[in-house]
file coords.cif (mmCIF, N, CA and C atoms; chains and numbers go by the auth columns)
data_start
#
loop_
_atom_site.group_PDB
_atom_site.id
_atom_site.type_symbol
_atom_site.label_atom_id
_atom_site.label_comp_id
_atom_site.label_asym_id
_atom_site.label_seq_id
_atom_site.Cartn_x
_atom_site.Cartn_y
_atom_site.Cartn_z
_atom_site.B_iso_or_equiv
_atom_site.auth_seq_id
_atom_site.auth_asym_id
ATOM 1 N N MET A 1 44.423 -31.763 -0.759 0.00 587 A
ATOM 2 C CA MET A 1 44.062 -32.017 -2.135 0.00 587 A
ATOM 3 C C MET A 1 42.553 -32.205 -2.276 0.00 587 A
ATOM 4 N N LYS A 2 41.929 -32.908 -1.315 0.00 588 A
ATOM 5 C CA LYS A 2 40.489 -33.149 -1.405 0.00 588 A
ATOM 6 C C LYS A 2 39.703 -31.847 -1.353 0.00 588 A
ATOM 7 N N GLY A 3 40.147 -30.895 -0.569 0.00 589 A
ATOM 8 C CA GLY A 3 39.462 -29.607 -0.480 0.00 589 A
ATOM 9 C C GLY A 3 39.417 -28.917 -1.826 0.00 589 A
ATOM 10 N N LYS A 4 40.518 -28.982 -2.538 0.00 590 A
ATOM 11 C CA LYS A 4 40.609 -28.371 -3.869 0.00 590 A
ATOM 12 C C LYS A 4 39.695 -29.100 -4.854 0.00 590 A
ATOM 13 N N GLN A 5 39.670 -30.417 -4.769 0.00 591 A
ATOM 14 C CA GLN A 5 38.814 -31.213 -5.654 0.00 591 A
ATOM 15 C C GLN A 5 37.337 -30.923 -5.379 0.00 591 A
ATOM 16 N N ASN A 6 36.991 -30.799 -4.104 0.00 592 A
ATOM 17 C CA ASN A 6 35.606 -30.491 -3.750 0.00 592 A
ATOM 18 C C ASN A 6 35.183 -29.135 -4.302 0.00 592 A
ATOM 19 N N LYS A 7 36.076 -28.164 -4.243 0.00 593 A
ATOM 20 C CA LYS A 7 35.762 -26.843 -4.789 0.00 593 A
ATOM 21 C C LYS A 7 35.552 -26.909 -6.297 0.00 593 A
ATOM 22 N N ILE A 8 36.375 -27.664 -6.967 0.00 594 A
ATOM 23 C CA ILE A 8 36.254 -27.800 -8.423 0.00 594 A
ATOM 24 C C ILE A 8 34.929 -28.469 -8.778 0.00 594 A
ATOM 25 N N VAL A 9 34.599 -29.540 -8.092 0.00 595 A
ATOM 26 C CA VAL A 9 33.336 -30.239 -8.341 0.00 595 A
ATOM 27 C C VAL A 9 32.169 -29.294 -8.071 0.00 595 A
ATOM 28 N N SER A 10 32.245 -28.550 -6.996 0.00 596 A
ATOM 29 C CA SER A 10 31.198 -27.599 -6.652 0.00 596 A
ATOM 30 C C SER A 10 31.026 -26.541 -7.740 0.00 596 A
ATOM 31 N N MET A 11 32.128 -26.020 -8.243 0.00 597 A
ATOM 32 C CA MET A 11 32.074 -25.003 -9.293 0.00 597 A
ATOM 33 C C MET A 11 31.482 -25.565 -10.581 0.00 597 A
ATOM 34 N N VAL A 12 31.851 -26.782 -10.934 0.00 598 A
ATOM 35 C CA VAL A 12 31.325 -27.414 -12.146 0.00 598 A
ATOM 36 C C VAL A 12 29.821 -27.638 -12.014 0.00 598 A
ATOM 37 N N LEU A 13 29.379 -28.089 -10.854 0.00 599 A
ATOM 38 C CA LEU A 13 27.941 -28.298 -10.635 0.00 599 A
ATOM 39 C C LEU A 13 27.166 -26.982 -10.713 0.00 599 A
ATOM 40 N N LYS A 14 27.708 -25.940 -10.118 0.00 600 A
ATOM 41 C CA LYS A 14 27.051 -24.632 -10.176 0.00 600 A
ATOM 42 C C LYS A 14 26.977 -24.133 -11.610 0.00 600 A
ATOM 43 N N ALA A 15 28.039 -24.305 -12.354 0.00 601 A
ATOM 44 C CA ALA A 15 28.051 -23.880 -13.754 0.00 601 A
ATOM 45 C C ALA A 15 27.013 -24.654 -14.559 0.00 601 A
ATOM 46 N N ALA A 16 26.883 -25.943 -14.285 0.00 602 A
ATOM 47 C CA ALA A 16 25.903 -26.763 -14.992 0.00 602 A
ATOM 48 C C ALA A 16 24.479 -26.313 -14.679 0.00 602 A
ATOM 49 N N LEU A 17 24.239 -25.955 -13.422 0.00 603 A
ATOM 50 C CA LEU A 17 22.904 -25.486 -13.033 0.00 603 A
ATOM 51 C C LEU A 17 22.561 -24.144 -13.661 0.00 603 A
ATOM 52 N N LEU A 18 23.554 -23.321 -13.875 0.00 604 A
ATOM 53 C CA LEU A 18 23.316 -21.988 -14.441 0.00 604 A
ATOM 54 C C LEU A 18 23.329 -21.977 -15.966 0.00 604 A
ATOM 55 N N ALA A 19 23.789 -23.034 -16.574 0.00 605 A
ATOM 56 C CA ALA A 19 23.953 -23.048 -18.031 0.00 605 A
ATOM 57 C C ALA A 19 22.634 -22.847 -18.770 0.00 605 A
ATOM 58 N N LYS A 20 21.591 -23.569 -18.392 0.00 606 A
ATOM 59 C CA LYS A 20 20.322 -23.465 -19.114 0.00 606 A
ATOM 60 C C LYS A 20 19.725 -22.053 -19.015 0.00 606 A
ATOM 61 N N PRO A 21 19.577 -21.480 -17.812 0.00 607 A
ATOM 62 C CA PRO A 21 19.050 -20.113 -17.743 0.00 607 A
ATOM 63 C C PRO A 21 19.933 -19.106 -18.489 0.00 607 A
ATOM 64 N N ALA A 22 21.240 -19.320 -18.451 0.00 608 A
ATOM 65 C CA ALA A 22 22.151 -18.406 -19.149 0.00 608 A
ATOM 66 C C ALA A 22 21.941 -18.486 -20.659 0.00 608 A
ATOM 67 N N LEU A 23 21.783 -19.683 -21.177 0.00 609 A
ATOM 68 C CA LEU A 23 21.571 -19.844 -22.617 0.00 609 A
ATOM 69 C C LEU A 23 20.221 -19.274 -23.048 0.00 609 A
ATOM 70 N N ILE A 24 19.187 -19.495 -22.243 0.00 610 A
ATOM 71 C CA ILE A 24 17.866 -18.935 -22.534 0.00 610 A
ATOM 72 C C ILE A 24 17.939 -17.408 -22.549 0.00 610 A
ATOM 73 N N THR A 25 18.630 -16.854 -21.572 0.00 611 A
ATOM 74 C CA THR A 25 18.759 -15.400 -21.476 0.00 611 A
ATOM 75 C C THR A 25 19.539 -14.840 -22.656 0.00 611 A
ATOM 76 N N PHE A 26 20.615 -15.498 -23.029 0.00 612 A
ATOM 77 C CA PHE A 26 21.425 -15.020 -24.154 0.00 612 A
ATOM 78 C C PHE A 26 20.639 -15.086 -25.463 0.00 612 A
ATOM 79 N N LYS A 27 19.870 -16.142 -25.645 0.00 613 A
ATOM 80 C CA LYS A 27 19.053 -16.267 -26.852 0.00 613 A
ATOM 81 C C LYS A 27 18.028 -15.136 -26.917 0.00 613 A
ATOM 82 N N ASP A 28 17.390 -14.840 -25.787 0.00 614 A
ATOM 83 C CA ASP A 28 16.413 -13.746 -25.739 0.00 614 A
ATOM 84 C C ASP A 28 17.092 -12.403 -26.012 0.00 614 A
ATOM 85 N N TYR A 29 18.272 -12.206 -25.458 0.00 615 A
ATOM 86 C CA TYR A 29 19.040 -10.976 -25.685 0.00 615 A
ATOM 87 C C TYR A 29 19.310 -10.788 -27.175 0.00 615 A
ATOM 88 N N ARG A 30 19.793 -11.842 -27.826 0.00 616 A
ATOM 89 C CA ARG A 30 20.098 -11.749 -29.262 0.00 616 A
ATOM 90 C C ARG A 30 18.842 -11.458 -30.076 0.00 616 A
ATOM 91 N N GLU A 31 17.733 -12.091 -29.701 0.00 617 A
ATOM 92 C CA GLU A 31 16.477 -11.871 -30.410 0.00 617 A
ATOM 93 C C GLU A 31 16.007 -10.421 -30.270 0.00 617 A
ATOM 94 N N GLN A 32 16.131 -9.879 -29.077 0.00 618 A
ATOM 95 C CA GLN A 32 15.745 -8.477 -28.864 0.00 618 A
ATOM 96 C C GLN A 32 16.638 -7.549 -29.681 0.00 618 A
ATOM 97 N N ARG A 33 17.927 -7.842 -29.712 0.00 619 A
ATOM 98 C CA ARG A 33 18.859 -7.016 -30.501 0.00 619 A
ATOM 99 C C ARG A 33 18.520 -7.097 -31.992 0.00 619 A
ATOM 100 N N LYS A 34 18.182 -8.302 -32.448 0.00 620 A
ATOM 101 C CA LYS A 34 17.830 -8.505 -33.847 0.00 620 A
ATOM 102 C C LYS A 34 16.590 -7.680 -34.213 0.00 620 A
ATOM 103 N N GLN A 35 15.681 -7.534 -33.257 0.00 621 A
ATOM 104 C CA GLN A 35 14.465 -6.755 -33.476 0.00 621 A
ATOM 105 C C GLN A 35 14.721 -5.249 -33.389 0.00 621 A
ATOM 106 N N GLY A 36 15.944 -4.883 -33.013 0.00 622 A
ATOM 107 C CA GLY A 36 16.311 -3.473 -32.944 0.00 622 A
ATOM 108 C C GLY A 36 15.847 -2.767 -31.680 0.00 622 A
ATOM 109 N N ILE A 37 15.523 -3.541 -30.656 0.00 623 A
ATOM 110 C CA ILE A 37 15.099 -2.911 -29.405 0.00 623 A
ATOM 111 C C ILE A 37 16.217 -3.018 -28.370 0.00 623 A
ATOM 112 N N ASP A 38 16.157 -2.122 -27.391 0.00 624 A
ATOM 113 C CA ASP A 38 17.125 -2.139 -26.302 0.00 624 A
ATOM 114 C C ASP A 38 16.786 -3.336 -25.407 0.00 624 A
ATOM 115 N N PRO A 39 17.660 -4.329 -25.304 0.00 625 A
ATOM 116 C CA PRO A 39 17.327 -5.548 -24.562 0.00 625 A
ATOM 117 C C PRO A 39 16.978 -5.295 -23.098 0.00 625 A
ATOM 118 N N VAL A 40 15.951 -5.989 -22.649 0.00 626 A
ATOM 119 C CA VAL A 40 15.500 -5.919 -21.261 0.00 626 A
ATOM 120 C C VAL A 40 15.388 -7.345 -20.740 0.00 626 A
ATOM 121 N N PHE A 41 15.964 -7.599 -19.572 0.00 627 A
ATOM 122 C CA PHE A 41 15.924 -8.927 -18.970 0.00 627 A
ATOM 123 C C PHE A 41 14.644 -9.080 -18.168 0.00 627 A
ATOM 124 N N SER A 42 13.810 -10.026 -18.555 0.00 628 A
ATOM 125 C CA SER A 42 12.568 -10.330 -17.849 0.00 628 A
ATOM 126 C C SER A 42 12.537 -11.824 -17.542 0.00 628 A
ATOM 127 N N PRO A 43 12.950 -12.211 -16.332 0.00 629 A
ATOM 128 C CA PRO A 43 13.027 -13.632 -16.010 0.00 629 A
ATOM 129 C C PRO A 43 11.679 -14.340 -16.104 0.00 629 A
ATOM 130 N N GLY A 44 10.609 -13.674 -15.722 0.00 630 A
ATOM 131 C CA GLY A 44 9.291 -14.290 -15.786 0.00 630 A
ATOM 132 C C GLY A 44 8.916 -14.659 -17.212 0.00 630 A
ATOM 133 N N LYS A 45 9.213 -13.769 -18.142 0.00 631 A
ATOM 134 C CA LYS A 45 8.924 -14.008 -19.554 0.00 631 A
ATOM 135 C C LYS A 45 9.698 -15.222 -20.064 0.00 631 A
ATOM 136 N N LEU A 46 10.875 -15.456 -19.516 0.00 632 A
ATOM 137 C CA LEU A 46 11.735 -16.544 -19.964 0.00 632 A
ATOM 138 C C LEU A 46 11.516 -17.839 -19.180 0.00 632 A
ATOM 139 N N GLY A 47 10.617 -17.795 -18.198 0.00 633 A
ATOM 140 C CA GLY A 47 10.361 -18.993 -17.396 0.00 633 A
ATOM 141 C C GLY A 47 11.423 -19.263 -16.347 0.00 633 A
ATOM 142 N N ILE A 48 12.216 -18.263 -16.026 0.00 634 A
ATOM 143 C CA ILE A 48 13.258 -18.414 -15.002 0.00 634 A
ATOM 144 C C ILE A 48 12.639 -18.090 -13.649 0.00 634 A
ATOM 145 N N GLN A 49 12.672 -19.055 -12.748 0.00 635 A
ATOM 146 C CA GLN A 49 12.047 -18.895 -11.440 0.00 635 A
ATOM 147 C C GLN A 49 13.054 -18.451 -10.389 0.00 635 A
ATOM 148 N N ASN A 50 12.536 -17.926 -9.305 0.00 636 A
ATOM 149 C CA ASN A 50 13.326 -17.516 -8.144 0.00 636 A
ATOM 150 C C ASN A 50 14.326 -16.418 -8.476 0.00 636 A
ATOM 151 N N ALA A 51 13.919 -15.516 -9.349 0.00 637 A
ATOM 152 C CA ALA A 51 14.758 -14.365 -9.696 0.00 637 A
ATOM 153 C C ALA A 51 14.060 -13.103 -9.192 0.00 637 A
ATOM 154 N N ASP A 52 13.774 -13.102 -7.895 0.00 638 A
ATOM 155 C CA ASP A 52 12.970 -12.032 -7.301 0.00 638 A
ATOM 156 C C ASP A 52 13.535 -10.642 -7.555 0.00 638 A
ATOM 157 N N TYR A 53 14.832 -10.482 -7.379 0.00 639 A
ATOM 158 C CA TYR A 53 15.440 -9.166 -7.592 0.00 639 A
ATOM 159 C C TYR A 53 15.174 -8.687 -9.009 0.00 639 A
ATOM 160 N N TRP A 54 15.393 -9.546 -9.989 0.00 640 A
ATOM 161 C CA TRP A 54 15.237 -9.144 -11.380 0.00 640 A
ATOM 162 C C TRP A 54 13.781 -8.915 -11.748 0.00 640 A
ATOM 163 N N ASP A 55 12.860 -9.697 -11.152 0.00 641 A
ATOM 164 C CA ASP A 55 11.441 -9.450 -11.383 0.00 641 A
ATOM 165 C C ASP A 55 11.054 -8.063 -10.882 0.00 641 A
ATOM 166 N N GLU A 56 11.539 -7.712 -9.694 0.00 642 A
ATOM 167 C CA GLU A 56 11.249 -6.391 -9.128 0.00 642 A
ATOM 168 C C GLU A 56 11.898 -5.283 -9.963 0.00 642 A
ATOM 169 N N GLU A 57 13.119 -5.499 -10.406 0.00 643 A
ATOM 170 C CA GLU A 57 13.820 -4.504 -11.222 0.00 643 A
ATOM 171 C C GLU A 57 13.089 -4.306 -12.552 0.00 643 A
ATOM 172 N N TYR A 58 12.639 -5.391 -13.169 0.00 644 A
ATOM 173 C CA TYR A 58 11.898 -5.313 -14.429 0.00 644 A
ATOM 174 C C TYR A 58 10.606 -4.517 -14.223 0.00 644 A
ATOM 175 N N GLN A 59 9.880 -4.819 -13.134 0.00 645 A
ATOM 176 C CA GLN A 59 8.628 -4.118 -12.856 0.00 645 A
ATOM 177 C C GLN A 59 8.891 -2.639 -12.599 0.00 645 A
ATOM 178 N N HIS A 60 9.950 -2.335 -11.872 0.00 646 A
ATOM 179 C CA HIS A 60 10.314 -0.941 -11.594 0.00 646 A
ATOM 180 C C HIS A 60 10.581 -0.181 -12.900 0.00 646 A
ATOM 181 N N ASN A 61 11.315 -0.823 -13.808 0.00 647 A
ATOM 182 C CA ASN A 61 11.605 -0.189 -15.104 0.00 647 A
ATOM 183 C C ASN A 61 10.334 -0.017 -15.921 0.00 647 A
ATOM 184 N N GLN A 62 9.436 -0.985 -15.879 0.00 648 A
ATOM 185 C CA GLN A 62 8.173 -0.875 -16.612 0.00 648 A
ATOM 186 C C GLN A 62 7.354 0.280 -16.057 0.00 648 A
ATOM 187 N N ASP A 63 7.308 0.409 -14.735 0.00 649 A
ATOM 188 C CA ASP A 63 6.554 1.497 -14.102 0.00 649 A
ATOM 189 C C ASP A 63 7.119 2.854 -14.504 0.00 649 A
ATOM 190 N N LYS A 64 8.473 2.943 -14.557 0.00 650 A
ATOM 191 C CA LYS A 64 9.122 4.203 -14.965 0.00 650 A
ATOM 192 C C LYS A 64 8.739 4.547 -16.399 0.00 650 A
ATOM 193 N N GLU A 65 8.724 3.563 -17.275 0.00 651 A
ATOM 194 C CA GLU A 65 8.389 3.808 -18.672 0.00 651 A
ATOM 195 C C GLU A 65 6.949 4.246 -18.828 0.00 651 A
ATOM 196 N N ASN A 66 6.069 3.715 -18.027 0.00 652 A
ATOM 197 C CA ASN A 66 4.649 4.061 -18.116 0.00 652 A
ATOM 198 C C ASN A 66 4.371 5.473 -17.610 0.00 652 A
ATOM 199 N N VAL A 67 5.219 5.989 -16.710 0.00 653 A
ATOM 200 C CA VAL A 67 5.058 7.339 -16.195 0.00 653 A
ATOM 201 C C VAL A 67 5.522 8.361 -17.238 0.00 653 A
ATOM 202 N N SER A 68 6.553 8.005 -17.999 0.00 654 A
ATOM 203 C CA SER A 68 7.126 8.928 -18.991 0.00 654 A
ATOM 204 C C SER A 68 6.179 9.208 -20.116 0.00 654 A
#

call {"tool": "encode", "arguments": {"input": "coords.cif", "output": "structure tokens"}}
result
Amino acid sequence: MKGKQNKIVSMVLKAALLAKPALITFKDYREQRKQGIDPVFSPGKLGIQNADYWDEEYQHNQDKENVS
């Protein structure tokens, strides 16, 4: 029983840690949609740290757009 309880507590803590970045991201997404642009996730712009993969992906997409 304790193993199951520990997993539940762990999941709740992880969800709590992710809630703020998720809400910030969703708000930015809605704002971009409201402006009529195709939403792009930029963690640096939103103040989300340690999102190395997404920072690199955002930069890669920006570089592609600049070549076109």

call {"tool": "resolve_selection", "arguments": {"input": "coords.cif", "expression": "the PyMOL selection byres (((chain A and resi 632-636 and name CA) around 12) and name CA)", "output": "list in words"}}
result
Leu604, Lys606, Pro607, Ala608, Leu609, Ile610, Thr611, Phe612, Lys613, Asp614, Tyr615, Val626, Phe627, Ser628, Pro629, Gly630, Lys631, Ala637, Asp638, Tyr639, Trp640, Asp641 and Glu642 of chain A

call {"tool": "select_by_dssp", "arguments": {"input": "coords.cif", "residues": "chain A", "states": "alpha helix (DSSP H)", "output": "ChimeraX atom specification"}}
result
/A:588-620,629-632,638-653

call {"tool": "atom_distance", "arguments": {"input": "coords.cif", "atom1": "atom N of Glu643 of chain A", "atom2": "atom CA of Met597 of chain A"}}
result
27.2 Å

call {"tool": "atom_distance", "arguments": {"input": "coords.cif", "atom1": "atom C of Asn652 of chain A", "atom2": "atom CA of Pro625 of chain A"}}
result
18.4 Å

call {"tool": "atom_distance", "arguments": {"input": "coords.cif", "atom1": "atom N of Ala605 of chain A", "atom2": "atom C of Gln591 of chain A"}}
result
19.3 Å
